[in-house]
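Enquirer: structure.csv (CSV, C-alpha atoms) pasted underneath:
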```csv
chain,number,residue,atom,x,y,z
A,116,MET,CA,0.0,0.0,0.0
A,117,SER,CA,1.3,3.4,-0.9
A,118,GLU,CA,2.0,6.0,1.7
A,119,ALA,CA,-0.7,8.2,0.3
A,120,THR,CA,-3.5,5.8,0.9
A,121,LYS,CA,-2.6,5.0,4.4
A,122,GLU,CA,-5.1,6.5,6.8
A,123,LYS,CA,-3.7,7.6,10.1
A,124,PRO,CA,-6.2,8.9,12.6
A,125,PHE,CA,-5.6,12.5,13.1
A,126,SER,CA,-6.9,14.7,15.9
A,127,ILE,CA,-7.0,18.5,16.2
A,128,PHE,CA,-7.0,18.1,19.9
A,129,ASN,CA,-4.2,16.7,22.1
A,130,GLU,CA,-4.8,14.4,25.1
A,131,ASP,CA,-5.8,17.3,27.3
A,132,GLY,CA,-8.4,18.4,24.8
A,133,GLU,CA,-6.4,21.4,23.8
A,134,ILE,CA,-6.3,22.6,20.1
A,135,GLU,CA,-3.1,21.6,18.4
A,136,ALA,CA,-1.7,23.5,15.4
A,137,VAL,CA,-2.9,21.6,12.2
A,138,PRO,CA,0.1,20.7,10.0
A,139,ALA,CA,-0.3,21.8,6.4
A,140,GLU,CA,0.0,18.2,5.1
A,141,VAL,CA,-3.1,17.0,6.9
A,142,ASP,CA,-5.7,16.4,4.2
A,143,HIS,CA,-9.4,17.3,4.3
A,144,PHE,CA,-10.4,13.7,4.9
A,145,ALA,CA,-8.0,13.2,7.8
A,146,LEU,CA,-9.0,16.5,9.2
A,147,LEU,CA,-12.7,15.6,9.3
A,148,GLY,CA,-12.0,12.0,10.3
A,149,VAL,CA,-13.6,10.3,7.3
A,150,ARG,CA,-12.1,7.7,5.0
A,151,ARG,CA,-10.3,8.8,1.9
A,152,LYS,CA,-13.0,7.7,-0.6
A,153,PHE,CA,-15.3,9.0,-3.3
A,154,LYS,CA,-18.5,7.9,-1.7
A,155,LEU,CA,-19.1,9.8,1.5
A,156,ASP,CA,-22.1,9.7,3.7
A,157,ALA,CA,-23.3,13.3,3.7
A,158,GLU,CA,-24.8,13.0,7.2
A,159,THR,CA,-21.7,11.7,8.8
A,160,LEU,CA,-19.6,14.4,7.1
A,161,GLU,CA,-22.0,17.1,8.3
A,162,ALA,CA,-22.1,15.7,11.8
A,163,ARG,CA,-18.3,15.6,12.0
A,164,PHE,CA,-18.0,19.1,10.7
A,165,TYR,CA,-20.5,20.5,13.2
A,166,GLU,CA,-19.0,18.6,16.1
A,167,LEU,CA,-15.6,20.0,15.4
A,168,ASN,CA,-16.9,23.4,14.6
A,169,ARG,CA,-18.7,23.6,18.0
A,170,ARG,CA,-15.5,22.7,19.8
A,171,LEU,CA,-13.2,25.0,17.8
A,172,HIS,CA,-15.3,28.1,17.4
A,173,PRO,CA,-13.2,31.2,18.0
A,174,ASP,CA,-16.0,32.6,20.2
A,175,PHE,CA,-15.0,30.1,22.9
A,176,PHE,CA,-11.4,31.4,22.9
A,177,MET,CA,-11.9,35.1,23.3
A,178,ASP,CA,-10.2,35.1,26.6
A,179,ALA,CA,-7.6,32.5,25.8
A,180,PRO,CA,-3.9,33.4,25.1
A,181,ALA,CA,-3.2,34.8,21.7
A,182,ALA,CA,-1.5,31.6,20.5
A,183,VAL,CA,-4.6,29.5,21.3
A,184,ARG,CA,-6.9,32.1,19.7
A,185,ILE,CA,-4.9,31.9,16.5
A,186,ARG,CA,-5.0,28.1,16.6
A,187,SER,CA,-8.7,28.1,16.9
A,188,LEU,CA,-9.0,30.5,14.0
A,189,ASP,CA,-6.7,28.5,11.8
A,190,ALA,CA,-8.4,25.2,12.7
A,191,THR,CA,-11.8,26.7,12.0
A,192,ALA,CA,-10.7,27.9,8.6
A,193,ARG,CA,-9.2,24.6,7.8
A,194,ILE,CA,-12.3,22.5,8.7
A,195,ASN,CA,-14.5,25.0,6.8
A,196,GLU,CA,-12.4,24.6,3.7
A,197,ALA,CA,-12.4,20.8,4.1
A,198,TYR,CA,-16.1,20.6,4.6
A,199,GLN,CA,-16.9,22.9,1.6
A,200,THR,CA,-14.7,20.8,-0.6
A,201,LEU,CA,-15.8,17.3,0.6
A,202,LYS,CA,-19.5,18.0,0.6
A,203,ASP,CA,-19.6,18.9,-3.1
A,204,PRO,CA,-19.3,15.7,-5.1
A,205,ILE,CA,-17.4,17.2,-8.0
A,206,ALA,CA,-15.1,19.3,-5.8
A,207,ARG,CA,-14.4,16.1,-3.8
A,208,VAL,CA,-13.5,14.1,-6.9
A,209,VAL,CA,-11.2,16.8,-8.1
A,210,TYR,CA,-9.6,17.1,-4.7
A,211,LEU,CA,-9.2,13.3,-4.2
A,212,VAL,CA,-7.7,12.7,-7.6
A,213,GLN,CA,-5.2,15.5,-7.2
A,214,LEU,CA,-4.4,14.3,-3.7
A,215,GLU,CA,-3.6,10.9,-5.0
A,216,SER,CA,-2.0,11.6,-8.4
A,217,GLY,CA,-0.9,15.2,-8.6
A,218,LYS,CA,-2.2,18.5,-9.9
A,219,LEU,CA,-4.5,18.4,-12.9
A,220,GLU,CA,-2.5,21.3,-14.5
A,221,GLU,CA,0.2,18.8,-15.1
A,222,ASN,CA,-2.1,17.1,-17.6
A,223,GLU,CA,-1.4,17.4,-21.2
A,224,ARG,CA,-2.5,20.8,-22.5
A,225,THR,CA,-3.3,19.5,-25.9
A,226,PRO,CA,-6.9,18.4,-25.6
A,227,PRO,CA,-8.8,16.1,-28.0
A,228,PRO,CA,-9.1,17.9,-31.3
A,229,GLU,CA,-12.8,16.9,-31.9
A,230,LEU,CA,-13.9,18.3,-28.6
A,231,PHE,CA,-12.0,21.5,-29.3
A,232,GLU,CA,-13.5,21.9,-32.7
A,233,GLU,CA,-17.0,21.7,-31.2
A,234,ILE,CA,-16.1,24.1,-28.4
A,235,PHE,CA,-14.9,26.7,-30.8
A,236,GLU,CA,-17.9,26.3,-33.0
A,237,ALA,CA,-20.3,26.6,-30.1
A,238,GLN,CA,-18.4,29.6,-28.6
A,239,GLU,CA,-18.3,31.4,-31.9
A,240,ALA,CA,-22.0,30.8,-32.5
A,241,ALA,CA,-22.7,32.2,-29.0
A,242,GLU,CA,-20.6,35.3,-29.8
A,243,GLU,CA,-22.3,35.8,-33.1
A,244,PHE,CA,-25.7,35.4,-31.7
A,245,GLN,CA,-25.1,38.1,-29.1
A,246,CYS,CA,-24.3,40.7,-31.7
A,247,CYS,CA,-26.6,39.4,-34.4
A,248,VAL,CA,-29.3,41.9,-35.6
A,249,ASP,CA,-30.8,40.0,-38.5
A,250,GLU,CA,-33.9,38.2,-37.2
A,251,GLU,CA,-33.8,35.2,-39.5
A,252,GLU,CA,-30.1,34.8,-38.9
A,253,ALA,CA,-30.7,35.0,-35.1
A,254,GLU,CA,-33.3,32.3,-35.3
A,255,ASN,CA,-30.8,30.0,-37.1
A,256,LEU,CA,-28.2,30.7,-34.5
A,257,ARG,CA,-30.6,30.1,-31.7
A,258,GLU,CA,-31.3,26.7,-33.0
A,259,ARG,CA,-27.6,26.0,-33.3
A,260,LEU,CA,-27.1,27.2,-29.7
A,261,ASN,CA,-29.9,25.0,-28.4
A,262,ALA,CA,-28.5,22.0,-30.3
A,263,ALA,CA,-25.1,22.7,-28.8
A,264,MET,CA,-26.6,23.1,-25.4
A,265,GLY,CA,-28.1,19.6,-25.7
A,266,CYS,CA,-24.8,18.2,-27.0
A,267,PHE,CA,-22.7,19.7,-24.2
A,268,SER,CA,-25.2,18.9,-21.5
A,269,ALA,CA,-25.1,15.3,-22.7
A,270,LEU,CA,-21.3,15.4,-22.5
A,271,ARG,CA,-21.5,16.6,-18.9
A,272,ASP,CA,-24.0,14.0,-17.9
A,273,GLY,CA,-21.8,11.4,-19.5
A,274,GLN,CA,-18.8,12.6,-17.5
A,275,HIS,CA,-20.8,12.4,-14.3
A,276,THR,CA,-21.9,8.9,-15.0
A,277,ALA,CA,-18.3,7.8,-15.9
A,278,LEU,CA,-16.9,9.5,-12.8
A,279,ASP,CA,-19.5,7.7,-10.6
A,280,LYS,CA,-18.4,4.3,-12.1
A,281,LEU,CA,-14.7,5.1,-11.8
A,282,GLY,CA,-15.1,6.4,-8.3
A,283,ALA,CA,-16.8,3.1,-7.3
A,284,ALA,CA,-14.0,1.1,-8.8
A,285,TRP,CA,-11.5,3.3,-6.9
A,286,ASP,CA,-13.4,2.9,-3.6
A,287,GLU,CA,-13.5,-0.9,-4.1
A,288,ALA,CA,-9.7,-0.9,-4.3
A,289,VAL,CA,-9.5,1.3,-1.1
A,290,GLU,CA,-11.8,-1.2,0.7
A,291,LYS,CA,-9.3,-4.0,-0.2
A,292,GLU,CA,-6.5,-1.7,0.9
A,293,GLU,CA,-5.1,-1.7,-2.6
A,294,PRO,CA,-3.8,1.2,-4.6
A,295,ALA,CA,-6.3,2.7,-7.1
A,296,PRO,CA,-5.9,0.9,-10.5
A,297,PRO,CA,-3.7,3.1,-12.8
A,298,GLU,CA,-6.2,2.8,-15.6
A,299,VAL,CA,-9.0,4.2,-13.3
A,300,VAL,CA,-6.7,7.1,-12.3
A,301,ARG,CA,-5.8,7.9,-15.9
A,302,LYS,CA,-9.4,7.9,-17.0
A,303,MET,CA,-10.5,10.1,-14.1
A,304,ARG,CA,-7.7,12.6,-14.8
A,305,SER,CA,-8.7,12.7,-18.4
A,306,ILE,CA,-12.3,13.4,-17.6
A,307,LEU,CA,-11.5,16.0,-15.0
A,308,GLY,CA,-9.0,17.6,-17.4
A,309,GLN,CA,-11.8,18.2,-19.9
A,310,ARG,CA,-14.5,19.2,-17.4
A,311,ASN,CA,-13.8,22.9,-17.3
A,312,TYR,CA,-13.8,23.2,-21.1
A,313,ILE,CA,-17.3,21.7,-21.1
A,314,GLU,CA,-18.5,23.8,-18.2
A,315,ASN,CA,-17.2,27.0,-19.7
A,316,THR,CA,-18.9,26.3,-23.0
A,317,LEU,CA,-22.2,25.5,-21.3
A,318,THR,CA,-21.9,28.8,-19.4
A,319,SER,CA,-21.3,30.8,-22.6
A,320,LEU,CA,-24.2,29.1,-24.3
A,321,LYS,CA,-26.6,29.6,-21.4
A,322,ARG,CA,-25.6,33.3,-21.1
A,323,ALA,CA,-26.1,33.9,-24.8
A,324,LEU,CA,-29.5,32.3,-24.8
A,325,GLU,CA,-30.6,34.0,-21.6
A,326,GLU,CA,-29.6,37.5,-22.7
A,327,SER,CA,-31.7,37.2,-25.8
A,328,GLU,CA,-34.9,36.5,-23.8
B,243,MET,CA,-7.8,41.6,-8.4
B,244,ALA,CA,-7.3,44.5,-10.8
B,245,TYR,CA,-6.0,44.0,-14.4
B,246,SER,CA,-3.1,46.1,-15.5
B,247,ASP,CA,-3.8,48.9,-18.1
B,248,LYS,CA,-2.1,46.9,-20.8
B,249,VAL,CA,-4.3,43.9,-20.2
B,250,VAL,CA,-7.4,46.1,-20.2
B,251,ASP,CA,-6.2,47.7,-23.4
B,252,HIS,CA,-5.7,44.3,-25.2
B,253,TYR,CA,-9.0,43.1,-23.8
B,254,ASN,CA,-11.0,46.1,-25.0
B,255,ASN,CA,-9.2,46.4,-28.3
B,256,PRO,CA,-7.9,42.9,-29.1
B,257,ARG,CA,-5.5,42.9,-32.0
B,258,ASN,CA,-5.8,40.4,-34.8
B,259,VAL,CA,-8.9,38.5,-33.7
B,260,GLY,CA,-10.0,36.1,-36.4
B,261,SER,CA,-9.2,33.0,-38.3
B,262,LEU,CA,-6.9,31.9,-41.1
B,263,ASP,CA,-7.6,29.0,-43.4
B,264,LYS,CA,-6.1,26.1,-41.5
B,265,SER,CA,-5.9,23.9,-44.6
B,266,ASP,CA,-3.6,26.5,-46.3
B,267,GLN,CA,0.0,25.1,-46.5
B,268,THR,CA,1.4,28.5,-45.4
B,269,VAL,CA,-0.7,28.6,-42.3
B,270,GLY,CA,0.2,27.1,-39.0
B,271,THR,CA,-2.5,26.5,-36.4
B,272,GLY,CA,-2.1,26.0,-32.6
B,273,ILE,CA,-5.1,25.1,-30.5
B,274,VAL,CA,-4.5,24.7,-26.8
B,275,GLY,CA,-6.4,24.8,-23.5
B,276,ALA,CA,-5.8,25.2,-19.8
B,277,PRO,CA,-7.6,22.4,-18.0
B,278,GLU,CA,-7.4,24.2,-14.7
B,279,CYS,CA,-9.7,27.1,-15.8
B,280,GLY,CA,-11.2,25.8,-19.1
B,281,ASP,CA,-9.8,28.6,-21.2
B,282,VAL,CA,-9.3,27.7,-24.9
B,283,MET,CA,-7.0,29.5,-27.4
B,284,LYS,CA,-6.5,29.2,-31.1
B,285,LEU,CA,-3.5,31.0,-32.6
B,286,GLN,CA,-2.6,30.9,-36.3
B,287,ILE,CA,0.3,32.2,-38.3
B,288,LYS,CA,0.7,32.8,-42.0
B,289,VAL,CA,4.2,32.6,-43.4
B,290,ASP,CA,5.3,34.4,-46.6
B,291,ASP,CA,7.7,33.1,-49.3
B,292,GLY,CA,10.6,34.8,-47.5
B,293,GLY,CA,10.0,32.8,-44.4
B,294,LEU,CA,8.5,35.8,-42.5
B,295,ILE,CA,5.3,35.6,-40.5
B,296,GLU,CA,3.1,38.0,-42.5
B,297,ASP,CA,-0.1,37.5,-40.5
B,298,ALA,CA,-1.2,36.2,-37.2
B,299,LYS,CA,-4.7,35.7,-35.8
B,300,PHE,CA,-6.2,34.4,-32.6
B,301,LYS,CA,-9.4,33.5,-31.1
B,302,THR,CA,-9.5,33.0,-27.3
B,303,PHE,CA,-12.4,32.1,-25.1
B,304,GLY,CA,-11.3,32.8,-21.6
B,305,CYS,CA,-10.4,35.4,-19.1
B,306,GLY,CA,-9.0,38.9,-19.8
B,307,SER,CA,-5.4,37.8,-19.2
B,308,ALA,CA,-5.7,34.9,-21.7
B,309,ILE,CA,-7.2,37.2,-24.3
B,310,ALA,CA,-4.5,39.9,-23.7
B,311,SER,CA,-1.7,37.3,-23.8
B,312,SER,CA,-2.8,35.9,-27.1
B,313,SER,CA,-3.5,39.3,-28.6
B,314,LEU,CA,0.0,40.5,-27.6
B,315,ALA,CA,1.5,37.2,-29.0
B,316,THR,CA,0.0,37.9,-32.4
B,317,GLU,CA,1.5,41.4,-32.4
B,318,TRP,CA,4.9,40.1,-31.6
B,319,LEU,CA,4.7,37.3,-34.1
B,320,LYS,CA,4.2,39.5,-37.1
B,321,GLY,CA,7.4,40.2,-39.1
B,322,LYS,CA,9.4,37.5,-37.3
B,323,THR,CA,10.9,34.3,-38.9
B,324,VAL,CA,9.6,31.0,-37.6
B,325,ASP,CA,12.8,30.5,-35.7
B,326,GLU,CA,12.7,33.9,-34.1
B,327,ALA,CA,9.1,33.3,-33.1
B,328,GLU,CA,10.3,30.2,-31.3
B,329,GLU,CA,12.2,32.4,-28.9
B,330,ILE,CA,9.1,34.1,-27.6
B,331,LYS,CA,8.8,33.2,-23.9
B,332,ASN,CA,5.9,33.3,-21.6
B,333,THR,CA,8.0,35.3,-19.1
B,334,GLN,CA,8.2,38.2,-21.7
B,335,ILE,CA,4.4,38.2,-21.9
B,336,VAL,CA,4.1,38.3,-18.1
B,337,GLU,CA,6.5,41.2,-17.9
B,338,GLU,CA,4.9,43.2,-20.7
B,339,LEU,CA,1.3,42.7,-19.3
B,340,ASN,CA,2.3,42.8,-15.7
B,341,LEU,CA,0.4,39.6,-15.0
B,342,PRO,CA,0.0,38.6,-11.4
B,343,PRO,CA,1.2,35.1,-10.3
B,344,VAL,CA,-2.4,33.6,-10.5
B,345,LYS,CA,-2.5,34.6,-14.2
B,346,ILE,CA,0.9,33.3,-15.3
B,347,HIS,CA,-0.7,30.2,-16.7
B,348,CYS,CA,-2.4,32.4,-19.3
B,349,SER,CA,0.9,33.4,-20.7
B,350,VAL,CA,2.0,29.8,-20.7
B,351,LEU,CA,-1.0,29.0,-22.7
B,352,ALA,CA,-0.1,31.7,-25.2
B,353,GLU,CA,3.5,30.3,-25.5
B,354,ASP,CA,2.1,26.8,-26.0
B,355,ALA,CA,-0.2,28.1,-28.7
B,356,ILE,CA,2.7,29.8,-30.5
B,357,LYS,CA,4.9,26.7,-30.4
B,358,THR,CA,2.1,24.4,-31.5
B,359,ALA,CA,1.3,26.7,-34.4
B,360,LEU,CA,5.0,26.9,-35.4
B,361,ASN,CA,5.3,23.1,-35.3
B,362,ASP,CA,2.1,22.7,-37.3
B,363,PHE,CA,3.6,25.0,-40.0
B,364,ARG,CA,6.9,23.1,-39.9
B,365,GLU,CA,5.2,19.8,-40.2
B,366,LYS,CA,3.1,20.9,-43.2
B,367,ASN,CA,6.2,22.1,-45.0
B,368,GLY,CA,8.5,19.1,-44.3
B,369,MET,CA,10.6,20.9,-41.8
B,370,PRO,CA,11.8,19.2,-38.6
B,371,VAL,CA,9.5,20.0,-35.6
B,372,VAL,CA,11.0,21.4,-32.5
B,373,GLU,CA,10.7,19.2,-29.4
B,374,ARG,CA,8.9,20.8,-26.6
B,375,LYS,CA,11.0,21.3,-23.5
B,376,GLY,CA,9.7,21.9,-20.0
B,377,HIS,CA,8.5,25.5,-19.6
B,378,HIS,CA,7.4,28.1,-17.0
```
Translate this file's structure into structure tokens.
Expert:
Amino acid sequence: MSEATKEKPFSIFNEDGEIEAVPAEVDHFALLGVRRKFKLDAETLEARFYELNRRLHPDFFMDAPAAVRIRSLDATARINEAYQTLKDPIARVVYLVQLESGKLEENERTPPPELFEEIFEAQEAAEEFQCCVDEEEAENLRERLNAAMGCFSALRDGQHTALDKLGAAWDEAVEKEEPAPPEVVRKMRSILGQRNYIENTLTSLKRALEESE
Amino acid sequence: MAYSDKVVDHYNNPRNVGSLDKSDQTVGTGIVGAPECGDVMKLQIKVDDGGLIEDAKFKTFGCGSAIASSSLATEWLKGKTVDEAEEIKNTQIVEELNLPPVKIHCSVLAEDAIKTALNDFREKNGMPVVERKGHH
């Protein structure tokens, strides 16, 4: 088993119940005391977060020495960030994949040509539509934008389905205390590497169509 | 975060927006993207008989810094030879546009687009392509 998948119990509090400084390398999962997996029980996560939040809240440390106050502030900020990231399924996938296999920026910057062709077409149509004055032309463009919306929404749905499946395969390996299969990691990185392109295109299409209403 | 005046200028008045015929033998096309923010950039060069870049066009869908970086890149490309163009570095773009650290990847994207376009031109014309080395 690799070092990265080993889960050591971590506690923000020492034996006397005092807040300890949280080392930078403690990840969001360890911080909230949940297993490093894709599937997370939302209720457990929420309960952990509120429990810690209640104990750490800076309001309780107003009269404490400065060092303790600062630790309470830092720890609160850390658990907030951890909770915000882990409760959102997509943010959690992105976080976990990067935690286990490095930053996504290190992905190849040359994306699949077919996808890019479609992105440029859709983005250009959205741009044209927004400054189009001819009614008939605008109607044609609107149809193209709607078609592109359908196409990119389907791409996004497909990504989510694929991520669910891959995440389940990854979790299965975690359950068996095995490292994630490289093929699964590779596919997830590739999907996540394309995710923002698809999201941005959908945002542009949506904005163009909404502004015309 | 405030954009520098130069970024704003390129953003409001982008130079050389458009497309060239990518099937033209004298045109090199570079299409690249930044997976971390989803910005996409297309940069094209047209090389004349004397080996000079006579025209450059770009189309970028992304943030102001990405648009400014590619706009500036097309300005710098014009009048250079293909080999001279190879020397354009993202750090020069950062300096010229005063890009803050969080926007450095926009300049990297522009450099990637230039190099991809140059190699596309070389490949089309039977010239050896230039291996990409690590950057930033």
Enquirer: So, counting only C-alpha atoms, which residue among A:Arg207, A:His143, A:Arg186, A:Lys218 is closest to chain B?
Expert: A:Lys218
Enquirer: Tell me as a ChimeraX atom specification which residues belonging to chain B come within 8 Å of chain A, counting all atoms listed in the file.
Expert: /B:273-282,303
Enquirer: Taking 6 positions as the minimum chain separation for residues in the same chain, which residues sit within 8 Å of Asn258 of chain B when counting all atoms listed in the file? Answer as a ChimeraX atom specification.
Expert: /B:298-300,313,316-317
Enquirer: Just how far from atom CA of Ser311 of chain B is atom CA of Asp290 of chain B, in Å to one decimal?
Expert: 24.0 Å
Enquirer: Hey, what's within 10 Å of Glu329 of chain B if we count all atoms listed in the file and toss same-chain stuff fewer than 4 positions away? As a list of chain:residue names, please?
Expert: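 Final neighbour list, sorted by chain and number: B:Val324, B:Asp325, B:Glu353, B:Ile356, B:Lys357.
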Enquirer: Please save C-alpha atoms of the selected residues as an mmCIF file, in the frame of the given file.
Expert:
```cif
data_model
loop_
_atom_site.group_PDB
_atom_site.id
_atom_site.type_symbol
_atom_site.label_atom_id
_atom_site.label_comp_id
_atom_site.auth_asym_id
_atom_site.auth_seq_id
_atom_site.Cartn_x
_atom_site.Cartn_y
_atom_site.Cartn_z
ATOM 1 C CA VAL B 324 9.600 31.000 -37.600
ATOM 2 C CA ASP B 325 12.800 30.500 -35.700
ATOM 3 C CA GLU B 353 3.500 30.300 -25.500
ATOM 4 C CA ILE B 356 2.700 29.800 -30.500
ATOM 5 C CA LYS B 357 4.900 26.700 -30.400
#
```
Enquirer: Which is closer to Leu211 of chain A than all the others in A:Phe125, A:Phe267, A:Trp285, A:Tyr165, using only C-alpha atoms?
Expert: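 Of the candidates, the smallest distance to Leu211 of chain A is held by A:Trp285.
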Enquirer: If we count all atoms listed in the file, what is near Leu294 of chain B at a cut-off of 6 Å, once residues fewer than 6 positions away on the same chain are taken out, given as a ChimeraX atom specification?
Expert: /B:321-323
Enquirer: Do you know which residues are at most 8 Å from Tyr210 of chain A counting all atoms listed in the file, after dropping those on the same chain fewer than 4 positions away, and could you put them as a ChimeraX atom specification?
Expert: /A:200,206,214
Enquirer: Using all atoms listed in the file, pick whichever of B:Ser349, B:Asn332, B:Asn340, B:Asn367 has the shortest atom-to-atom distance to Asp247 of chain B.
Expert: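 Smallest distance to Asp247 of chain B is found for B:Asn340.
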Enquirer: For a cutoff of 9 Å around the file-coordinate point (2.2, 25.4, -47.8), which residues qualify once you count all atoms listed in the file? I'd like the result as a list in words.
Expert: Ser265, Asp266, Gln267, Thr268, Val269, Val289, Phe363, Lys366 and Asn367 of chain B
Enquirer: Please measure the separation of atom CA of Val208 of chain A and atom CA of Pro138 of chain A, giving the value in Å to one decimal.
Expert: 22.7 Å
Enquirer: Just to confirm, what's the straight-line distance from atom CA of Gly270 of chain B to atom CA of Arg364 of chain B in Å (one decimal)?
Expert: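 Interatomic distance here is 7.9 Å.
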Enquirer: Tell me which protein, DNA and RNA residues are within 12 Å of Glu325 of chain A, counting only C-alpha atoms, leaving out same-chain ones fewer than 5 positions away, and put them as a list in words.
Expert: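 Once the adjacent positions are removed, what remains is Ala241, Phe244, Gln245, Arg257, Leu260, Asn261, Leu317, Thr318, Ser319 and Leu320 of chain A.
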Enquirer: Restrict the selected residues to C-alpha atoms and save them as a PDB file, in the coordinates of the input.
Expert:
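Output saved as again.pdb:
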```pdb
ATOM      1  CA  ALA A 241     -22.700  32.200 -29.000  1.00  0.00           C
ATOM      2  CA  PHE A 244     -25.700  35.400 -31.700  1.00  0.00           C
ATOM      3  CA  GLN A 245     -25.100  38.100 -29.100  1.00  0.00           C
ATOM      4  CA  ARG A 257     -30.600  30.100 -31.700  1.00  0.00           C
ATOM      5  CA  LEU A 260     -27.100  27.200 -29.700  1.00  0.00           C
ATOM      6  CA  ASN A 261     -29.900  25.000 -28.400  1.00  0.00           C
ATOM      7  CA  LEU A 317     -22.200  25.500 -21.300  1.00  0.00           C
ATOM      8  CA  THR A 318     -21.900  28.800 -19.400  1.00  0.00           C
ATOM      9  CA  SER A 319     -21.300  30.800 -22.600  1.00  0.00           C
ATOM     10  CA  LEU A 320     -24.200  29.100 -24.300  1.00  0.00           C
TER      11      LEU A 320
END
```
